[in-house]
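Notes follow once the structure below has been shown.
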Amino acid sequence: MTDTSLPSWAPRQGAVILAMLEAVELGVREGQPADRVLHKLLAGKKKYGSRDRRVISDSVFSWFRWHGAIGEFPLAKGLIVAWALEGSDWPPALLAIAEELGWSADSLSALSESRQTADTPLADRKQKIEQGLNVLLPEVTAWLPEWWKIETEHLGSFETRLNEHIDRPPTWLRIDQELQPTLHQELLKDGAQWAGEHTPCAYAFTKPGQIKAWLDKHPKGIEIQDLASQQVARICAPEKGQTWWDACAGSGGKGLHLLDLADKDLDLTCTDKRESAVENLVKRARAHGLGKLRHYTLDLTSTNLTFPNLSFDGILVDAPCTGTGTWSRNPDAAWRTEEKDVRQAARRQKLILQNIAEAVPQGKVLVYAVCSLTKSETLEVVEDFLTTTPEFTLDPFDDPITGEKTDGTLTLIPSKLQADGMYIARFMRNSE
């Protein structure tokens, strides 16, 4: 196969991809999330159809996913090596870039045809690419930051942990439990992956078009919510008629889930320190027919906090974190996050728990959750809270995925769920 067999538009699209990648890479170096930069770059450009946008997006995030292996290469060369490591079929635009660099489409196609599975050791995959493209890559142990290796060593072998970052999970939907029995068979017929009886309202798709179609069809009954995130409200286990506080509510996904689990019969207060997040939460709640939602801005790291004048059955603290559990979806975050960010997040999390502890009545529940898997933000935060606040103990619960009894904490590993990583701890304030 030669460059003359490529579509005439392939070199132009290749140039667009490289220009987009260069702009996104610059934005990430300045601390901006890659998806936000790319969204701005593509906004209003109607000449790019859905397929164009998909190949641009896939190319950009492939480059960041394998950045530890290809970061020293020039942009174009790094992109081709990253795509080869990815093992996906070659779009014409990337073949055009490769041929400009001297790699033939035939050699790249041969790499794809002999692609190895996700279970193939990364060292073997590295060797295959080095031989096929005549390049030299860093050792696999250098493919993610050193601090990350130390912070996650309690989770198993380095190879396993690195694969957690590389393997992309599908997009999960949460169906309102009242609607789920009606839609179940239709979702399966459309190719949805069902989480199973333990989490019956969770379904996954890999194609964006299917996700959009279901959201458009049922705007009041379906939400995008990762499978790991869905377990947080299930561990809270709210009951009808109870009073709950979602203290770091963000845009309200977990709050909506709390309401759904309680058949919409829940006295719910939602707070966040960002006014924009609270405004978005209100819009989402109204879209679901939930106009009576108590909400206001509140910074839980402040001193002299004024808490809601309510007696809560439970408080959920989905704390701000570094989000290392979501790196498989946001690979650029690995290169925007530093060790000091983890330390700062852990200090903030400890402060929030200490501040909110006094709002938990005796015999009631406090749930702590983060979408991060670092030791500093999970095990050490819980250990610190139990040591400094002895009136609280861990409250054992059943793992909502497997049904097995826990000690009151749960670490959700991405590869086991095909979802994000999440850490959840459930405490109870002891009665005197």
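A note on labels: chains of the structure tokens are A, B, ... as shown, every chain counts residues from 1, and ligands are counted from 1 in their shown order.
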- Item | Non-local contacts of Arg294 in chain A (8 Å; only C-alpha atoms; under 6 positions in same chain excluded) as a list in words | Leu268, Thr269 and Cys270 of chain A
- Query: Got a sec: who's within 9 Å of range 31-36 of chain A, counting only C-alpha atoms, leaving out chain neighbours fewer than 6 positions off, as JSON, numbers by chain?
  - Reply: {"A": [24, 25, 57, 60, 61, 64, 330, 331, 332, 333, 336, 337]}
Could you write out the selected residues, including C-alpha atoms, as a PDB file, in the first residue's frame?
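File written: again-v5.pdb
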ATOM      1  CA  VAL A  24      -4.252  20.566  23.296  1.00  0.00           C
ATOM      2  CA  GLU A  25      -0.773  19.574  24.466  1.00  0.00           C
ATOM      3  CA  SER A  57     -10.414  12.898  19.738  1.00  0.00           C
ATOM      4  CA  VAL A  60      -5.345  13.207  20.923  1.00  0.00           C
ATOM      5  CA  PHE A  61      -6.188  10.946  23.836  1.00  0.00           C
ATOM      6  CA  PHE A  64      -1.752  11.277  26.208  1.00  0.00           C
ATOM      7  CA  ASN A 330      -8.724  11.345  31.282  1.00  0.00           C
ATOM      8  CA  PRO A 331      -5.156  10.213  30.498  1.00  0.00           C
ATOM      9  CA  ASP A 332      -3.838  13.763  30.326  1.00  0.00           C
ATOM     10  CA  ALA A 333      -4.565  14.118  34.063  1.00  0.00           C
ATOM     11  CA  ARG A 336      -1.240  17.524  35.039  1.00  0.00           C
ATOM     12  CA  THR A 337      -1.111  15.972  38.523  1.00  0.00           C
TER      13      THR A 337
END
- Hey, what's within 6 Å of range 384-400 of chain A if we count only C-alpha atoms and toss same-chain stuff fewer than 6 positions away? As a VMD selection string, please? chain A and resid 406 to 408 426 to 430
Go through range 120-198 of chain A residue by residue and, counting only C-alpha atoms, keep those with an atom at most 12 Å from range 226-236 of chain A; for each kept residue give the shortest atom pair and its distance in Å to one decimal, ordered by chain and increasing number, as a tab-separated table.
residue	atom	partner	partner_atom	distance
A:Pro169	CA	A:Asp226	CA	9.5
A:Pro170	CA	A:Asp226	CA	8.9
A:Thr171	CA	A:Asp226	CA	6.8
A:Trp172	CA	A:Asp226	CA	4.9
A:Leu173	CA	A:Asp226	CA	6.9
A:Arg174	CA	A:Gln230	CA	7.6
A:Ile175	CA	A:Gln230	CA	10.7
A:Asp176	CA	A:Gln230	CA	11.7
A:Gln193	CA	A:Leu227	CA	11.3
A:Trp194	CA	A:Leu227	CA	10.3
A:Ala195	CA	A:Leu227	CA	7.9
A:Gly196	CA	A:Leu227	CA	11.2
A:His198	CA	A:Gln231	CA	10.1
Range 128-300 of chain A: which residues are strand (DSSP E or B) by DSSP, as a PDB file with C-alpha atoms, in the first residue's frame?
ATOM      1  CA  THR A 171     -19.632   4.721  29.258  1.00  0.00           C
ATOM      2  CA  TRP A 172     -22.179   3.727  31.904  1.00  0.00           C
ATOM      3  CA  LEU A 173     -25.785   4.864  32.163  1.00  0.00           C
ATOM      4  CA  ARG A 174     -27.979   4.801  35.244  1.00  0.00           C
ATOM      5  CA  ILE A 175     -31.654   4.083  34.601  1.00  0.00           C
ATOM      6  CA  GLN A 193     -23.719  -4.345  28.755  1.00  0.00           C
ATOM      7  CA  TRP A 194     -25.706  -4.948  31.952  1.00  0.00           C
ATOM      8  CA  ALA A 202     -26.437   0.208  35.338  1.00  0.00           C
ATOM      9  CA  TYR A 203     -25.880  -0.342  31.598  1.00  0.00           C
ATOM     10  CA  ALA A 204     -22.820   0.377  29.452  1.00  0.00           C
ATOM     11  CA  PHE A 205     -22.308   1.318  25.824  1.00  0.00           C
ATOM     12  CA  ILE A 222     -31.511   8.196  32.310  1.00  0.00           C
ATOM     13  CA  GLU A 223     -28.243   9.738  33.473  1.00  0.00           C
ATOM     14  CA  ILE A 224     -24.630   9.212  32.474  1.00  0.00           C
ATOM     15  CA  THR A 243     -33.127  13.198  55.766  1.00  0.00           C
ATOM     16  CA  TRP A 244     -29.798  13.233  53.938  1.00  0.00           C
ATOM     17  CA  TRP A 245     -27.117  15.782  53.127  1.00  0.00           C
ATOM     18  CA  ASP A 246     -24.996  15.504  49.959  1.00  0.00           C
ATOM     19  CA  ASP A 267     -35.522  15.188  52.439  1.00  0.00           C
ATOM     20  CA  LEU A 268     -32.304  16.057  50.628  1.00  0.00           C
ATOM     21  CA  THR A 269     -29.927  18.959  51.121  1.00  0.00           C
ATOM     22  CA  CYS A 270     -27.206  19.518  48.506  1.00  0.00           C
ATOM     23  CA  THR A 271     -24.268  21.869  48.972  1.00  0.00           C
ATOM     24  CA  ASP A 272     -21.082  22.693  47.095  1.00  0.00           C
ATOM     25  CA  ARG A 294     -32.731  22.270  49.406  1.00  0.00           C
ATOM     26  CA  HIS A 295     -29.475  23.680  48.059  1.00  0.00           C
ATOM     27  CA  TYR A 296     -26.899  26.396  48.705  1.00  0.00           C
ATOM     28  CA  THR A 297     -23.180  27.111  48.423  1.00  0.00           C
TER      29      THR A 297
END
